[in-house]
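Below: the structure, in structure tokens.
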Amino acid sequence: MNIKQKTVFVSLTCLMVVLLCAPVDLSAQSGKSVQGITTIVIDPGHGGRDPGACYGKGTNMVREKDIVLDVALLLGEMVKKNLPDVKVVYTREKDVYPELWERSALANKVNADLFISIHVNSVDGKAPSGVETFVMAAKNEEGSLK
């Protein structure tokens, strides 16, 4: 996957994340917040020692951890620009690996209203492919991140 392909893929992934995961009421855009959402935690999956899925070979190698970090940072900037009253918190902003429990602990610590964990699927490690969306109701105490 070359840089141009990666850029297109990151852009499309950002769009998919926004469309599938953010419960945005477009009529509320002039209001600066989204139906009670004041804090969003964005989690670029993998990172550090965990590259996630890898695509390509040699100098064309692209790692999932890099793609999802790019997507997460772009998504965060989009939220900040369009919803300035919504606080954006990242589980990571560079190539480090927060433990899974640290990611959920952070979301609980900042009282996140929305937790978005971004990943890139693959088929036989050849190319990014597929979409998954997992939703957990905020009021579901039994399934909470705590």
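Following the order of the structure tokens, first chain is A, next is B, and so on, with residues numbered from 1 inside each chain and ligands from 1 in the order they appear.
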Inset, instruction - May I have all residues of segment 36-132 of chain A that DSSP, computed from the backbone, assigns to strand (DSSP E or B), given as a PyMOL selection string? - result: chain A and resi 37+39-44+47+50+54-55+62-63+87-90+114-118+122-123+127-128
Selection above as a file: N, CA, C and O atoms, as a compact mmCIF listing (two decimals), in the first residue's frame:
```
# COMPACT_ATOMS: atom_id res chain seq x y z
N ILE A 37 -23.73 14.69 24.73
CA ILE A 37 -22.36 14.20 24.66
C ILE A 37 -21.41 15.36 24.94
O ILE A 37 -21.36 16.33 24.19
N THR A 39 -18.07 14.53 26.41
CA THR A 39 -16.71 13.99 26.35
C THR A 39 -16.68 12.73 25.51
O THR A 39 -17.45 11.80 25.75
N ILE A 40 -15.76 12.70 24.55
CA ILE A 40 -15.55 11.53 23.70
C ILE A 40 -14.12 11.05 23.89
O ILE A 40 -13.18 11.84 23.83
N VAL A 41 -13.96 9.75 24.14
CA VAL A 41 -12.63 9.14 24.17
C VAL A 41 -12.43 8.41 22.86
O VAL A 41 -13.26 7.58 22.46
N ILE A 42 -11.34 8.74 22.18
CA ILE A 42 -11.01 8.08 20.92
C ILE A 42 -9.79 7.20 21.16
O ILE A 42 -8.75 7.66 21.62
N ASP A 43 -9.95 5.92 20.85
CA ASP A 43 -8.93 4.91 21.11
C ASP A 43 -8.39 4.34 19.81
O ASP A 43 -9.04 3.51 19.19
N PRO A 44 -7.20 4.80 19.38
CA PRO A 44 -6.57 4.13 18.23
C PRO A 44 -6.04 2.78 18.71
O PRO A 44 -5.14 2.73 19.55
N GLY A 47 -0.79 -0.31 18.87
CA GLY A 47 0.23 0.68 19.23
C GLY A 47 1.44 0.05 19.89
O GLY A 47 1.39 -1.08 20.39
N ASP A 50 2.54 -3.69 19.75
CA ASP A 50 1.46 -4.42 19.07
C ASP A 50 1.10 -3.71 17.76
O ASP A 50 0.38 -2.73 17.77
N CYS A 54 -0.82 -6.20 9.52
CA CYS A 54 0.19 -5.55 8.67
C CYS A 54 -0.13 -5.84 7.21
O CYS A 54 -0.55 -6.95 6.87
N TYR A 55 0.07 -4.83 6.38
CA TYR A 55 -0.29 -4.92 4.97
C TYR A 55 0.93 -4.58 4.13
O TYR A 55 1.65 -3.63 4.43
N VAL A 62 2.56 -1.35 5.73
CA VAL A 62 1.72 -0.44 6.50
C VAL A 62 1.16 -1.24 7.66
O VAL A 62 0.67 -2.35 7.47
N ARG A 63 1.24 -0.67 8.85
CA ARG A 63 0.78 -1.36 10.05
C ARG A 63 -0.53 -0.75 10.54
O ARG A 63 -0.70 0.47 10.51
N LYS A 87 -15.43 17.72 24.54
CA LYS A 87 -14.05 17.44 24.90
C LYS A 87 -13.61 16.13 24.25
O LYS A 87 -14.31 15.12 24.33
N VAL A 88 -12.45 16.16 23.62
CA VAL A 88 -11.89 14.96 22.98
C VAL A 88 -10.67 14.51 23.78
O VAL A 88 -9.77 15.29 24.06
N VAL A 89 -10.67 13.23 24.16
CA VAL A 89 -9.55 12.64 24.89
C VAL A 89 -9.09 11.42 24.10
O VAL A 89 -9.92 10.60 23.67
N TYR A 90 -7.78 11.30 23.89
CA TYR A 90 -7.22 10.16 23.17
C TYR A 90 -6.61 9.18 24.18
O TYR A 90 -6.00 9.60 25.16
N LEU A 114 -18.94 8.81 25.19
CA LEU A 114 -18.78 7.98 24.00
C LEU A 114 -17.33 7.50 23.94
O LEU A 114 -16.41 8.29 24.14
N PHE A 115 -17.14 6.22 23.70
CA PHE A 115 -15.82 5.61 23.58
C PHE A 115 -15.74 4.99 22.19
O PHE A 115 -16.52 4.10 21.87
N ILE A 116 -14.82 5.48 21.37
CA ILE A 116 -14.68 4.97 20.01
C ILE A 116 -13.30 4.31 19.90
O ILE A 116 -12.29 4.98 20.01
N SER A 117 -13.29 2.99 19.70
CA SER A 117 -12.04 2.26 19.51
C SER A 117 -11.93 1.92 18.03
O SER A 117 -12.82 1.27 17.47
N ILE A 118 -10.85 2.36 17.41
CA ILE A 118 -10.71 2.24 15.96
C ILE A 118 -9.72 1.12 15.62
O ILE A 118 -8.61 1.08 16.15
N SER A 122 -8.51 -7.11 8.22
CA SER A 122 -7.79 -7.53 7.02
C SER A 122 -8.27 -8.91 6.60
O SER A 122 -8.88 -9.64 7.37
N VAL A 123 -7.96 -9.24 5.36
CA VAL A 123 -8.23 -10.57 4.83
C VAL A 123 -6.89 -11.16 4.44
O VAL A 123 -6.19 -10.61 3.59
N ALA A 127 -4.68 -6.90 2.65
CA ALA A 127 -5.21 -5.55 2.46
C ALA A 127 -6.24 -5.26 3.54
O ALA A 127 -6.90 -6.17 4.03
N PRO A 128 -6.39 -3.98 3.90
CA PRO A 128 -7.46 -3.63 4.84
C PRO A 128 -8.80 -4.00 4.23
O PRO A 128 -9.02 -3.77 3.05
```
Close residues, Gly48 of chain A itself excluded, 9 Å, only C-alpha atoms, min 3 positions apart in chain, as a PDB file with N, CA, C and O atoms, in the first residue's frame:
```pdb
ATOM      1  N   PRO A  51       1.616  -4.213  16.622  1.00  0.00           N
ATOM      2  CA  PRO A  51       1.363  -3.530  15.345  1.00  0.00           C
ATOM      3  C   PRO A  51      -0.034  -3.760  14.792  1.00  0.00           C
ATOM      4  O   PRO A  51      -0.465  -3.042  13.897  1.00  0.00           O
ATOM      5  N   LYS A  65      -1.569  -0.226  13.476  1.00  0.00           N
ATOM      6  CA  LYS A  65      -1.405   0.756  14.551  1.00  0.00           C
ATOM      7  C   LYS A  65      -1.160   2.161  14.014  1.00  0.00           C
ATOM      8  O   LYS A  65      -1.581   3.140  14.627  1.00  0.00           O
ATOM      9  N   LYS A  94       0.553   8.916  20.199  1.00  0.00           N
ATOM     10  CA  LYS A  94       1.807   8.526  19.562  1.00  0.00           C
ATOM     11  C   LYS A  94       1.911   7.009  19.616  1.00  0.00           C
ATOM     12  O   LYS A  94       0.999   6.332  20.094  1.00  0.00           O
ATOM     13  N   ASP A  95       3.002   6.481  19.142  1.00  0.00           N
ATOM     14  CA  ASP A  95       3.169   5.027  19.035  1.00  0.00           C
ATOM     15  C   ASP A  95       3.570   4.406  20.365  1.00  0.00           C
ATOM     16  O   ASP A  95       4.734   4.078  20.598  1.00  0.00           O
ATOM     17  N   VAL A  96       2.588   4.289  21.249  1.00  0.00           N
ATOM     18  CA  VAL A  96       2.762   3.611  22.528  1.00  0.00           C
ATOM     19  C   VAL A  96       1.641   2.593  22.668  1.00  0.00           C
ATOM     20  O   VAL A  96       0.675   2.623  21.904  1.00  0.00           O
ATOM     21  N   TYR A  97       1.772   1.693  23.640  1.00  0.00           N
ATOM     22  CA  TYR A  97       0.736   0.688  23.847  1.00  0.00           C
ATOM     23  C   TYR A  97       0.138   0.816  25.243  1.00  0.00           C
ATOM     24  O   TYR A  97       0.696   0.296  26.199  1.00  0.00           O
ATOM     25  N   PRO A  98      -0.981   1.527  25.361  1.00  0.00           N
ATOM     26  CA  PRO A  98      -1.675   1.495  26.651  1.00  0.00           C
ATOM     27  C   PRO A  98      -2.331   0.125  26.810  1.00  0.00           C
ATOM     28  O   PRO A  98      -2.904  -0.406  25.855  1.00  0.00           O
TER      29      PRO A  98
END
```
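Here atom CA of Gly52 of chain A and atom CA of Glu64 of chain A stand 5.1 Å from one another.
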Inset, instruction - To one decimal in Å, tell me the separation between atom CA of Thr38 of chain A and atom CA of Ala107 of chain A. - result: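 A separation of 12.5 Å between them.
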Inset, instruction - Mind giving me the straight-line distance from atom CA of Asp113 of chain A to atom CA of Gly76 of chain A in Å, one decimal? - result: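 Going from atom CA of Asp113 of chain A over to atom CA of Gly76 of chain A covers 14.7 Å.
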Inset, instruction - Give me the residues within 10 Å of Leu100 of chain A as a PyMOL selection string, counting only C-alpha atoms and dropping any in the same chain fewer than 2 places off. - result: chain A and resi 45-46+91+97-98+102-105
Inset, instruction - Would you please work out which residue, of A:Arg49, A:Lys81, A:Lys109, A:His119, is nearest to Leu69 of chain A when using only C-alpha atoms? - result: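 Using only C-alpha atoms, the shortest distance to Leu69 of chain A belongs to A:His119.
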